[in-house]
file target.cif (mmCIF, C-alpha atoms and all ligand atoms)
data_query
#
loop_
_atom_site.label_atom_id
_atom_site.label_comp_id
_atom_site.auth_asym_id
_atom_site.auth_seq_id
_atom_site.Cartn_x
_atom_site.Cartn_y
_atom_site.Cartn_z
CA MET A 1 18.58 58.05 33.87
CA LYS A 2 21.08 55.22 33.44
CA ASN A 3 20.50 52.30 31.09
CA PHE A 4 19.28 49.13 32.78
CA SER A 5 18.12 45.63 32.03
CA PHE A 6 15.39 43.88 33.98
CA TYR A 7 14.44 40.22 33.99
CA ASN A 8 12.59 38.37 36.72
CA PRO A 9 11.46 34.89 35.79
CA THR A 10 9.78 33.85 39.08
CA LYS A 11 6.09 33.07 38.85
CA VAL A 12 4.34 34.37 41.97
CA LEU A 13 1.13 32.83 43.26
CA PHE A 14 -0.19 35.21 45.87
CA GLY A 15 -3.05 34.82 48.33
CA LYS A 16 -5.12 32.60 50.58
CA GLY A 17 -5.27 28.95 49.53
CA GLU A 18 -2.62 29.13 46.79
CA VAL A 19 -0.55 26.46 48.57
CA ASP A 20 -3.12 23.91 47.39
CA LYS A 21 -1.55 24.16 43.92
CA VAL A 22 1.92 23.06 45.02
CA GLY A 23 1.58 19.37 44.07
CA LYS A 24 0.64 20.04 40.47
CA LEU A 25 3.24 22.79 40.12
CA VAL A 26 6.05 20.57 41.40
CA LYS A 27 4.92 17.72 39.16
CA GLU A 28 5.73 19.88 36.11
CA TYR A 29 9.41 19.49 37.06
CA GLY A 30 9.54 15.80 37.92
CA ASN A 31 8.74 13.15 40.49
CA THR A 32 11.37 13.62 43.20
CA VAL A 33 11.57 16.68 45.40
CA LEU A 34 14.01 17.75 48.11
CA LEU A 35 11.79 19.34 50.77
CA VAL A 36 13.90 21.93 52.62
CA TYR A 37 12.69 23.63 55.80
CA GLY A 38 13.88 25.21 59.03
CA LYS A 39 13.84 24.06 62.64
CA SER A 40 10.23 23.59 63.69
CA SER A 41 7.83 26.38 62.65
CA ILE A 42 6.21 24.60 59.70
CA LYS A 43 5.63 21.47 61.77
CA ARG A 44 4.03 23.52 64.54
CA SER A 45 1.78 25.42 62.13
CA GLY A 46 0.60 22.34 60.23
CA LEU A 47 2.03 23.58 56.93
CA TYR A 48 4.48 20.67 56.76
CA ASP A 49 1.71 18.05 56.91
CA LYS A 50 -0.31 19.94 54.34
CA VAL A 51 2.55 20.24 51.84
CA VAL A 52 3.53 16.60 52.29
CA SER A 53 -0.02 15.44 51.64
CA LEU A 54 -0.35 17.67 48.55
CA LEU A 55 2.91 16.27 47.14
CA GLU A 56 1.98 12.68 47.95
CA LYS A 57 -1.35 13.13 46.19
CA GLU A 58 0.65 13.66 42.99
CA ASP A 59 2.86 10.61 43.70
CA ILE A 60 5.90 12.80 44.25
CA LYS A 61 8.75 11.20 46.18
CA ILE A 62 9.87 13.43 49.05
CA ILE A 63 13.44 13.58 50.29
CA ASP A 64 13.08 15.29 53.63
CA PHE A 65 15.71 17.86 54.64
CA GLY A 66 14.76 19.97 57.66
CA GLY A 67 16.83 21.81 60.25
CA ILE A 68 18.12 24.78 58.24
CA ASP A 69 19.45 27.37 60.70
CA PRO A 70 18.62 31.06 60.64
CA ASN A 71 21.88 32.32 59.09
CA PRO A 72 22.19 29.08 57.09
CA ARG A 73 25.47 27.23 57.30
CA ILE A 74 27.65 26.00 54.45
CA GLU A 75 27.51 22.54 56.04
CA SER A 76 23.77 22.38 55.21
CA ILE A 77 24.48 23.28 51.60
CA ARG A 78 27.01 20.48 51.30
CA GLU A 79 24.67 17.95 52.93
CA GLY A 80 21.65 19.00 50.86
CA GLY A 81 23.66 18.94 47.63
CA ASP A 82 24.81 15.38 48.37
CA LEU A 83 21.21 14.31 49.02
CA CYS A 84 20.13 15.71 45.64
CA LYS A 85 22.90 13.78 43.89
CA LYS A 86 22.13 10.56 45.75
CA HIS A 87 18.38 10.64 45.09
CA ASN A 88 18.32 12.23 41.63
CA VAL A 89 16.19 15.09 42.86
CA ASP A 90 14.23 16.99 40.19
CA LEU A 91 13.33 20.13 42.16
CA VAL A 92 14.34 21.73 45.46
CA LEU A 93 11.29 23.03 47.33
CA ALA A 94 11.93 25.49 50.16
CA VAL A 95 9.19 25.94 52.75
CA GLY A 96 10.17 28.72 55.12
CA GLY A 97 11.82 32.11 55.41
CA GLY A 98 14.85 33.62 53.70
CA SER A 99 17.31 31.23 55.33
CA THR A 100 15.51 28.18 54.00
CA ILE A 101 15.09 29.65 50.53
CA ASP A 102 18.71 30.84 50.41
CA ALA A 103 19.89 27.40 51.50
CA SER A 104 17.78 25.78 48.78
CA LYS A 105 19.44 27.92 46.13
CA GLY A 106 22.88 26.86 47.37
CA ILE A 107 21.81 23.21 47.56
CA ALA A 108 20.32 23.25 44.05
CA SER A 109 23.62 24.68 42.75
CA ALA A 110 25.76 22.26 44.76
CA ALA A 111 23.73 19.40 43.26
CA LEU A 112 25.25 20.11 39.83
CA TYR A 113 28.79 20.76 41.03
CA ASP A 114 31.54 18.30 41.87
CA GLY A 115 33.59 20.60 44.08
CA ASP A 116 32.87 22.25 47.45
CA PRO A 117 29.88 24.66 47.20
CA TRP A 118 31.81 27.17 49.35
CA ASP A 119 33.69 27.83 46.08
CA PHE A 120 30.60 29.78 44.93
CA TYR A 121 30.30 31.74 48.16
CA SER A 122 34.01 32.56 48.22
CA TYR A 123 33.78 33.71 44.59
CA LYS A 124 36.38 31.16 43.40
CA VAL A 125 34.04 29.50 40.93
CA GLU A 126 30.98 30.72 39.05
CA SER A 127 28.03 28.35 39.18
CA LYS A 128 27.16 26.92 35.77
CA GLY A 129 23.73 25.62 36.68
CA ALA A 130 21.28 24.55 39.37
CA LEU A 131 18.34 22.24 39.81
CA PRO A 132 15.00 24.03 39.59
CA ILE A 133 14.10 25.79 42.86
CA ALA A 134 10.66 26.75 44.19
CA SER A 135 9.43 28.22 47.46
CA ILE A 136 6.50 28.47 49.82
CA LEU A 137 7.24 31.61 51.82
CA THR A 138 6.43 31.73 55.54
CA LEU A 139 8.13 34.98 56.56
CA ALA A 140 7.96 38.40 54.90
CA ALA A 141 11.48 39.80 54.94
CA THR A 142 14.27 39.03 52.53
CA GLY A 143 12.73 38.96 49.06
CA SER A 144 14.60 35.71 48.42
CA GLU A 145 11.33 34.25 47.10
CA MET A 146 11.62 36.47 44.01
CA ASN A 147 15.32 37.07 43.53
CA ALA A 148 18.42 35.05 42.75
CA GLY A 149 20.35 35.80 45.95
CA THR A 150 21.68 33.22 48.38
CA VAL A 151 23.52 34.25 51.54
CA VAL A 152 25.32 31.59 53.57
CA THR A 153 27.72 31.59 56.50
CA ASN A 154 30.97 29.77 57.05
CA PHE A 155 31.42 30.19 60.79
CA ALA A 156 34.84 28.52 60.66
CA THR A 157 36.22 31.47 58.68
CA LYS A 158 33.70 34.07 59.98
CA ASP A 159 32.46 34.81 56.47
CA LYS A 160 28.85 35.41 55.50
CA ASN A 161 28.73 35.84 51.75
CA GLY A 162 26.09 36.14 49.08
CA TRP A 163 25.85 35.52 45.37
CA GLY A 164 23.26 34.70 42.76
CA SER A 165 23.18 33.36 39.25
CA PRO A 166 20.71 33.21 36.36
CA PHE A 167 19.89 29.69 37.62
CA THR A 168 18.93 30.53 41.21
CA ASN A 169 15.70 32.47 40.74
CA PRO A 170 12.85 30.32 42.04
CA LYS A 171 10.71 28.91 39.22
CA PHE A 172 7.66 29.70 41.32
CA SER A 173 6.95 31.06 44.79
CA ILE A 174 3.72 30.70 46.72
CA LEU A 175 2.95 33.66 48.95
CA ASP A 176 -0.03 33.02 51.21
CA PRO A 177 -0.09 35.69 53.94
CA VAL A 178 -1.93 33.22 56.22
CA ASN A 179 1.34 31.28 56.46
CA THR A 180 2.87 34.29 58.20
CA PHE A 181 0.21 34.55 60.95
CA THR A 182 2.45 32.55 63.31
CA VAL A 183 5.53 34.77 62.87
CA SER A 184 6.58 36.19 66.26
CA PRO A 185 6.52 39.94 66.98
CA HIS A 186 10.33 40.03 66.91
CA GLN A 187 10.63 38.20 63.60
CA THR A 188 7.90 40.41 62.16
CA GLY A 189 9.91 43.45 63.28
CA CYS A 190 13.00 41.92 61.67
CA GLY A 191 11.09 41.47 58.42
CA ILE A 192 9.96 45.10 58.47
CA VAL A 193 13.48 46.41 59.06
CA ASP A 194 15.09 44.10 56.51
CA ALA A 195 12.60 45.05 53.79
CA LEU A 196 12.98 48.77 54.57
CA THR A 197 16.76 48.47 54.42
CA HIS A 198 16.53 46.75 51.03
CA VAL A 199 14.70 49.82 49.78
CA TYR A 200 17.25 52.18 51.41
CA GLU A 201 19.99 50.36 49.49
CA PHE A 202 18.55 51.71 46.22
CA TYR A 203 16.67 54.82 47.36
CA PHE A 204 19.80 56.42 48.79
CA SER A 205 21.59 57.02 45.53
CA ASN A 206 23.03 59.91 43.56
CA GLU A 207 21.27 58.79 40.40
CA ASP A 208 18.43 60.95 39.16
CA ALA A 209 15.62 58.39 38.92
CA TYR A 210 12.31 60.06 39.79
CA LEU A 211 10.01 57.13 39.09
CA ASN A 212 12.27 54.75 40.96
CA ASP A 213 12.20 57.04 44.00
CA ARG A 214 8.41 57.15 44.04
CA VAL A 215 8.21 53.33 43.74
CA CYS A 216 10.64 53.07 46.67
CA GLU A 217 8.61 55.54 48.74
CA GLY A 218 5.37 53.62 48.04
CA ILE A 219 6.92 50.38 49.24
CA MET A 220 8.44 51.99 52.35
CA LYS A 221 5.16 53.71 53.29
CA THR A 222 3.26 50.44 52.90
CA ILE A 223 5.67 48.54 55.11
CA ILE A 224 5.82 51.31 57.72
CA HIS A 225 2.01 51.53 57.83
CA TYR A 226 1.15 47.83 57.95
CA GLY A 227 4.13 46.52 59.94
CA PRO A 228 2.90 47.56 63.40
CA LYS A 229 -0.61 46.39 62.54
CA ALA A 230 0.74 42.90 61.83
CA ILE A 231 2.55 42.90 65.17
CA GLU A 232 -0.52 44.12 67.04
CA ASN A 233 -2.86 41.64 65.39
CA PRO A 234 -0.85 38.75 63.91
CA GLU A 235 -3.89 37.40 62.05
CA ASP A 236 -4.73 40.69 60.30
CA TYR A 237 -4.77 39.36 56.73
CA THR A 238 -4.60 42.79 55.08
CA ALA A 239 -1.59 43.81 57.16
CA ARG A 240 0.22 40.51 56.59
CA ALA A 241 -0.58 40.64 52.86
CA ASN A 242 0.72 44.17 52.38
CA LEU A 243 3.81 43.40 54.40
CA MET A 244 4.44 40.24 52.42
CA PHE A 245 4.13 41.76 48.98
CA GLY A 246 5.97 44.91 50.10
CA ALA A 247 8.93 42.83 51.27
CA THR A 248 8.93 40.88 48.01
CA LEU A 249 8.94 44.06 45.91
CA ALA A 250 11.66 45.55 48.09
CA LEU A 251 14.25 43.18 46.62
CA ASN A 252 12.91 41.71 43.38
CA GLY A 253 14.51 44.30 41.12
CA VAL A 254 11.76 46.92 40.85
CA THR A 255 13.44 49.23 43.35
CA GLY A 256 16.73 48.97 41.49
CA PHE A 257 15.85 50.38 38.07
CA ALA A 258 18.69 52.60 36.94
CA LYS A 259 20.40 52.49 40.30
CA ASP A 260 23.23 50.63 41.99
CA PHE A 261 23.02 48.90 45.35
CA GLU A 262 24.36 51.29 48.00
CA GLY A 263 25.90 48.49 50.03
CA PHE A 264 27.16 49.82 53.37
CA ASN A 265 24.37 48.43 55.55
CA HIS A 266 24.18 44.95 54.08
CA SER A 267 27.91 44.38 53.70
CA THR A 268 28.65 45.53 57.24
CA GLU A 269 25.71 43.65 58.74
CA HIS A 270 26.74 40.36 57.13
CA VAL A 271 30.07 40.70 58.91
CA LEU A 272 28.31 41.28 62.25
CA SER A 273 26.13 38.19 61.65
CA ALA A 274 29.18 36.10 60.82
CA PHE A 275 30.88 37.21 64.07
CA TYR A 276 27.91 37.02 66.40
CA ASP A 277 25.25 34.84 64.67
CA ILE A 278 22.66 37.56 65.22
CA ALA A 279 19.45 37.95 63.22
CA HIS A 280 20.26 39.83 60.01
CA ALA A 281 17.71 42.57 60.69
CA ASP A 282 18.81 43.07 64.30
CA GLY A 283 22.14 44.12 62.82
CA LEU A 284 20.50 46.31 60.18
CA SER A 285 18.31 47.98 62.80
CA ILE A 286 21.44 49.04 64.67
CA LEU A 287 23.45 50.14 61.65
CA ALA A 288 21.04 52.00 59.36
CA PRO A 289 19.85 54.83 61.65
CA HIS A 290 23.41 55.60 62.82
CA TRP A 291 24.63 55.44 59.20
CA MET A 292 21.94 57.95 58.21
CA GLU A 293 22.97 60.35 60.97
CA TYR A 294 26.62 59.97 60.03
CA ILE A 295 26.25 60.62 56.30
CA LEU A 296 23.78 63.50 56.59
CA SER A 297 25.57 66.59 55.23
CA ASP A 298 25.02 69.54 52.88
CA LYS A 299 25.71 67.09 50.03
CA THR A 300 23.08 64.54 51.06
CA VAL A 301 20.51 66.79 52.68
CA ASN A 302 18.18 66.93 49.67
CA LYS A 303 17.75 63.16 49.63
CA PHE A 304 17.15 63.00 53.37
CA TYR A 305 14.68 65.90 53.06
CA GLU A 306 12.68 63.90 50.48
CA PHE A 307 12.87 60.84 52.72
CA ALA A 308 11.60 62.80 55.71
CA VAL A 309 8.72 64.49 53.89
CA ASN A 310 7.60 61.77 51.46
CA VAL A 311 8.13 58.70 53.64
CA TRP A 312 7.83 59.82 57.24
CA GLY A 313 5.35 62.65 56.74
CA VAL A 314 7.54 65.36 58.28
CA HIS A 315 6.12 68.82 57.56
CA PRO A 316 8.06 70.53 54.72
CA ASN A 317 10.05 73.54 55.81
CA LYS A 318 12.65 75.88 54.28
CA ASP A 319 15.19 74.60 56.79
CA LYS A 320 15.96 71.38 54.91
CA MET A 321 18.56 70.20 57.40
CA LYS A 322 16.09 70.43 60.28
CA VAL A 323 13.49 68.44 58.32
CA ALA A 324 16.09 65.84 57.30
CA LYS A 325 17.16 65.38 60.93
CA GLU A 326 13.55 64.96 62.00
CA GLY A 327 13.12 62.22 59.35
CA ILE A 328 16.09 60.28 60.73
CA LYS A 329 14.79 60.76 64.26
CA ARG A 330 11.53 59.12 63.12
CA VAL A 331 13.49 56.08 61.92
CA PHE A 332 14.98 55.69 65.43
CA THR A 333 11.58 56.15 67.05
CA TYR A 334 9.83 53.75 64.68
CA TYR A 335 12.44 50.99 65.16
CA LYS A 336 12.22 51.48 68.91
CA SER A 337 8.42 51.13 68.75
CA LEU A 338 8.96 47.75 67.05
CA ASN A 339 11.24 46.73 69.94
CA MET A 340 14.14 46.42 67.55
CA PRO A 341 17.68 47.05 68.84
CA LEU A 342 19.36 50.40 68.20
CA TYR A 343 22.74 49.78 69.80
CA LEU A 344 25.13 46.82 69.78
CA THR A 345 24.85 46.65 73.54
CA ASP A 346 21.12 45.96 73.10
CA LEU A 347 22.34 42.59 71.77
CA ASP A 348 24.91 42.29 74.58
CA ILE A 349 27.73 43.01 72.15
CA THR A 350 30.41 44.92 74.00
CA ASN A 351 34.03 45.48 72.94
CA PRO A 352 33.66 44.12 69.40
CA PRO A 353 36.95 43.42 67.60
CA LEU A 354 36.59 46.54 65.46
CA GLU A 355 39.75 46.12 63.36
CA GLU A 356 38.87 42.54 62.44
CA ILE A 357 35.31 43.57 61.55
CA LEU A 358 36.56 46.52 59.48
CA ASP A 359 38.96 44.30 57.52
CA LYS A 360 36.08 42.03 56.52
CA ALA A 361 33.58 44.82 55.85
CA VAL A 362 35.75 47.24 53.84
CA LYS A 363 37.54 45.13 51.25
CA GLY A 364 38.67 48.00 49.00
CA GLU A 365 39.45 51.64 49.80
CA THR A 366 35.84 52.50 50.60
CA ILE A 367 32.39 51.01 51.04
CA GLY A 368 29.05 52.49 49.92
CA ARG A 369 28.02 54.16 46.68
CA PHE A 370 25.74 57.00 47.90
CA VAL A 371 28.48 58.15 50.23
CA ALA A 372 31.83 56.38 49.96
CA LEU A 373 33.02 55.53 53.47
CA THR A 374 36.56 54.73 54.53
CA LYS A 375 37.50 52.30 57.27
CA ASP A 376 37.71 55.24 59.66
CA ASP A 377 34.17 56.28 58.77
CA VAL A 378 32.86 52.76 59.35
CA LYS A 379 34.73 52.64 62.64
CA ASN A 380 33.05 55.91 63.65
CA ILE A 381 29.60 54.54 62.77
CA LEU A 382 30.20 51.32 64.70
CA THR A 383 31.51 53.30 67.65
CA LYS A 384 28.40 55.51 67.57
CA ALA A 385 26.31 52.32 67.57
CA LEU A 386 28.04 50.75 70.57
O1 LIG A 401 13.51 27.63 61.50
P1 LIG A 401 12.05 27.80 61.73
O2 LIG A 401 11.52 26.91 62.80
O3 LIG A 401 11.25 27.75 60.45
O4 LIG A 401 11.85 29.29 62.38
C1 LIG A 401 12.17 30.48 61.70
C2 LIG A 401 13.44 31.14 62.25
O5 LIG A 401 13.62 30.84 63.59
C3 LIG A 401 11.12 31.51 62.02
N1 LIG A 401 9.95 31.43 61.12
C4 LIG A 401 9.91 31.47 59.78
N2 LIG A 401 8.64 31.43 59.35
C5 LIG A 401 7.86 31.35 60.45
C6 LIG A 401 8.69 31.36 61.58
N3 LIG A 401 8.21 31.28 62.85
C7 LIG A 401 6.89 31.20 62.99
N4 LIG A 401 6.00 31.20 61.94
C8 LIG A 401 6.47 31.27 60.66
N5 LIG A 401 5.58 31.31 59.64
O6 LIG A 401 11.76 32.76 61.86
C9 LIG A 401 13.13 32.63 62.17
C10 LIG A 401 13.96 33.35 61.13
O7 LIG A 401 13.84 32.73 59.88
P2 LIG A 401 14.83 33.12 58.69
O8 LIG A 401 14.45 32.34 57.49
O9 LIG A 401 16.23 33.04 59.18
O10 LIG A 401 14.49 34.68 58.52
P3 LIG A 401 14.61 35.63 57.28
O11 LIG A 401 13.52 35.37 56.30
O12 LIG A 401 14.71 36.98 57.84
O13 LIG A 401 15.98 35.22 56.57
C11 LIG A 401 17.20 35.71 57.03
C12 LIG A 401 18.34 35.22 56.15
O14 LIG A 401 18.22 35.72 54.80
C13 LIG A 401 19.42 36.41 54.42
C14 LIG A 401 19.92 36.94 55.75
O15 LIG A 401 21.26 37.33 55.71
C15 LIG A 401 19.67 35.76 56.68
O16 LIG A 401 20.69 34.80 56.54
N6 LIG A 401 19.13 37.40 53.39
C16 LIG A 401 18.82 36.96 52.15
C17 LIG A 401 18.62 37.82 51.10
C18 LIG A 401 18.28 37.37 49.76
N7 LIG A 401 18.30 36.09 49.48
O17 LIG A 401 18.00 38.16 48.87
C19 LIG A 401 18.74 39.28 51.27
C20 LIG A 401 18.76 39.71 52.68
O18 LIG A 401 19.36 40.97 52.76
C21 LIG A 401 19.43 38.80 53.62
O19 LIG A 401 20.83 38.95 53.60
ZN ZN A 402 18.62 42.23 54.05
#
call {"tool": "encode", "arguments": {"input": "target.cif", "output": "structure tokens"}}
result
Amino acid sequence: MKNFSFYNPTKVLFGKGEVDKVGKLVKEYGNTVLLVYGKSSIKRSGLYDKVVSLLEKEDIKIIDFGGIDPNPRIESIREGGDLCKKHNVDLVLAVGGGSTIDASKGIASAALYDGDPWDFYSYKVESKGALPIASILTLAATGSEMNAGTVVTNFATKDKNGWGSPFTNPKFSILDPVNTFTVSPHQTGCGIVDALTHVYEFYFSNEDAYLNDRVCEGIMKTIIHYGPKAIENPEDYTARANLMFGATLALNGVTGFAKDFEGFNHSTEHVLSAFYDIAHADGLSILAPHWMEYILSDKTVNKFYEFAVNVWGVHPNKDKMKVAKEGIKRVFTYYKSLNMPLYLTDLDITNPPLEEILDKAVKGETIGRFVALTKDDVKNILTKAL
């Protein structure tokens, strides 16, 4: 087992009614808050009014900044950063899904930087600090509520890039599953697929890390079990709660002990999102099953056998290849049952500019750590997924 270091400073407040504590928690950081949110969901659900009244009760001045897009834009980061500077904001509070939380991390970093925040996303400059960030999560998916990552798109250059720093972990995140009752069936499906793919990124590894694998399998089984229940009955608290905490654990570091991020699915999907502005998990849903089929070989069969038996409940059998194939087939079937796309054409993407996409996705010789893939391999996977 490889050496590793683990540090996660985010305080998590989980469960029904925890939002009531937000005023007092924010007050610990100051008197002025930038309230960041998406298009309309928190206004429709009543969460916006509730949060505003809890903050006002503590005499906290609110600088309102709504309208963050799914696939947040660099323009929002610039605008939010300027607002923080202008109003001497003490804390950036995100109320929403991964896009809103990611945007808040970029904004909090831009607030302490004199240049263009795209410098961070284009890896020109390393961020040296950020305002404190906190979140109230409304969508179980990305894990952004308990990690340092921020992923933002520059549609002018067709780049969707991510980074994180020791300053971008939220100070606290409030996870009340009730706030996810209003998430649509499609967005719930996206959350399921995104969280599963986060686990794949560490599970599919050549490192020998037995405990890590069992943690990964526990998280995947939980998400697979409760995901459809949440879609069927959106107000099933137990299902929403398991999905929410499962998605948080999927990318808060606990699945990554002693392992490296595999990388193919996320790097390639971010390129698709930057070209087509599709939901992140729609892209992952198309890529991951085809990637699995493509990389299954005598070298990888043992891992896929474990995946099939331990995660998907395929009956063990001496013919490991047959069992492994059945496991991958279950991934296709499960995603289909969630009404998630399996082919690019399901999203009306035909004739994608493959060479341009490949140039952005494969920056070095190869991509992926479990199985190193060349541009030709990636082209084959994308062609399979057409
Ligand atoms: O904008 P509003 O009106 O809030 O609607 C949103 C949006 O349309 C809606 N929504 C959120 N909570 C809701 C709700 N609708 C009803 N009820 C609620 N309670 O859902 C839609 C999608 O929201 P978004 O925040 O975009 O979804 P998600 O959480 O999946 O975030 C996706 C973004 O996160 C990035 C992705 O690339 C993508 O840009 N990621 C961030 C990561 C990280 N920070 O660690 C890792 C991921 O791999 C991913 O890359
Ligand atoms: Zn993801």
call {"tool": "closest_residue", "arguments": {"input": "target.cif", "among": "A:Glu306, A:Glu326, A:Asp319, A:Glu28", "to": "Glu293 of chain A", "atoms": "all atoms listed in the file"}}
result
A:Glu326
call {"tool": "axis_aligned_box", "arguments": {"input": "target.cif", "around": "segment 327-336 of chain A", "padding_each_side": "3 Å", "output": "AutoDock Vina command-line options"}}
result
--center_x 13.0 --center_y 56.6 --center_z 64.1 --size_x 12.3 --size_y 17.2 --size_z 15.6
call {"tool": "residues_around", "arguments": {"input": "target.cif", "residues": "Thr153 of chain A", "least_positions_apart": "3", "cutoff": "8 Å", "atoms": "only C-alpha atoms", "output": "PDB file with C-alpha atoms, in the coordinates of the input"}}
result
ATOM      1  CA  ASN A  71      21.880  32.320  59.090  1.00  0.00           C
ATOM      2  CA  PRO A  72      22.190  29.080  57.090  1.00  0.00           C
ATOM      3  CA  ARG A  73      25.470  27.230  57.300  1.00  0.00           C
ATOM      4  CA  ILE A  74      27.650  26.000  54.450  1.00  0.00           C
ATOM      5  CA  LYS A 158      33.700  34.070  59.980  1.00  0.00           C
ATOM      6  CA  ASP A 159      32.460  34.810  56.470  1.00  0.00           C
ATOM      7  CA  LYS A 160      28.850  35.410  55.500  1.00  0.00           C
ATOM      8  CA  ASN A 161      28.730  35.840  51.750  1.00  0.00           C
ATOM      9  CA  ALA A 274      29.180  36.100  60.820  1.00  0.00           C
TER      10      ALA A 274
END
call {"tool": "residues_near_ligand", "arguments": {"input": "target.cif", "ligand": "ligand LIG 401 (chain A)", "cutoff": "7 Å", "atoms": "all atoms listed in the file", "output": "ChimeraX atom specification"}}
result
/A:37-42,67-72,96-100,102,138-144,147-152,179-184,187,190-191,194,198,251,266,270,279-281
call {"tool": "closest_residue", "arguments": {"input": "target.cif", "among": "A:Ser297, A:Thr333, A:Thr222, A:Asn310", "to": "Ile192 of chain A", "atoms": "all atoms listed in the file"}}
result
A:Thr222
call {"tool": "residues_around", "arguments": {"input": "target.cif", "residues": "Phe167 of chain A", "least_positions_apart": "2", "cutoff": "10 Å", "atoms": "all atoms listed in the file", "output": "PyMOL selection string"}}
result
chain A and resi 105+108-109+127-133+148+164-165+169-171
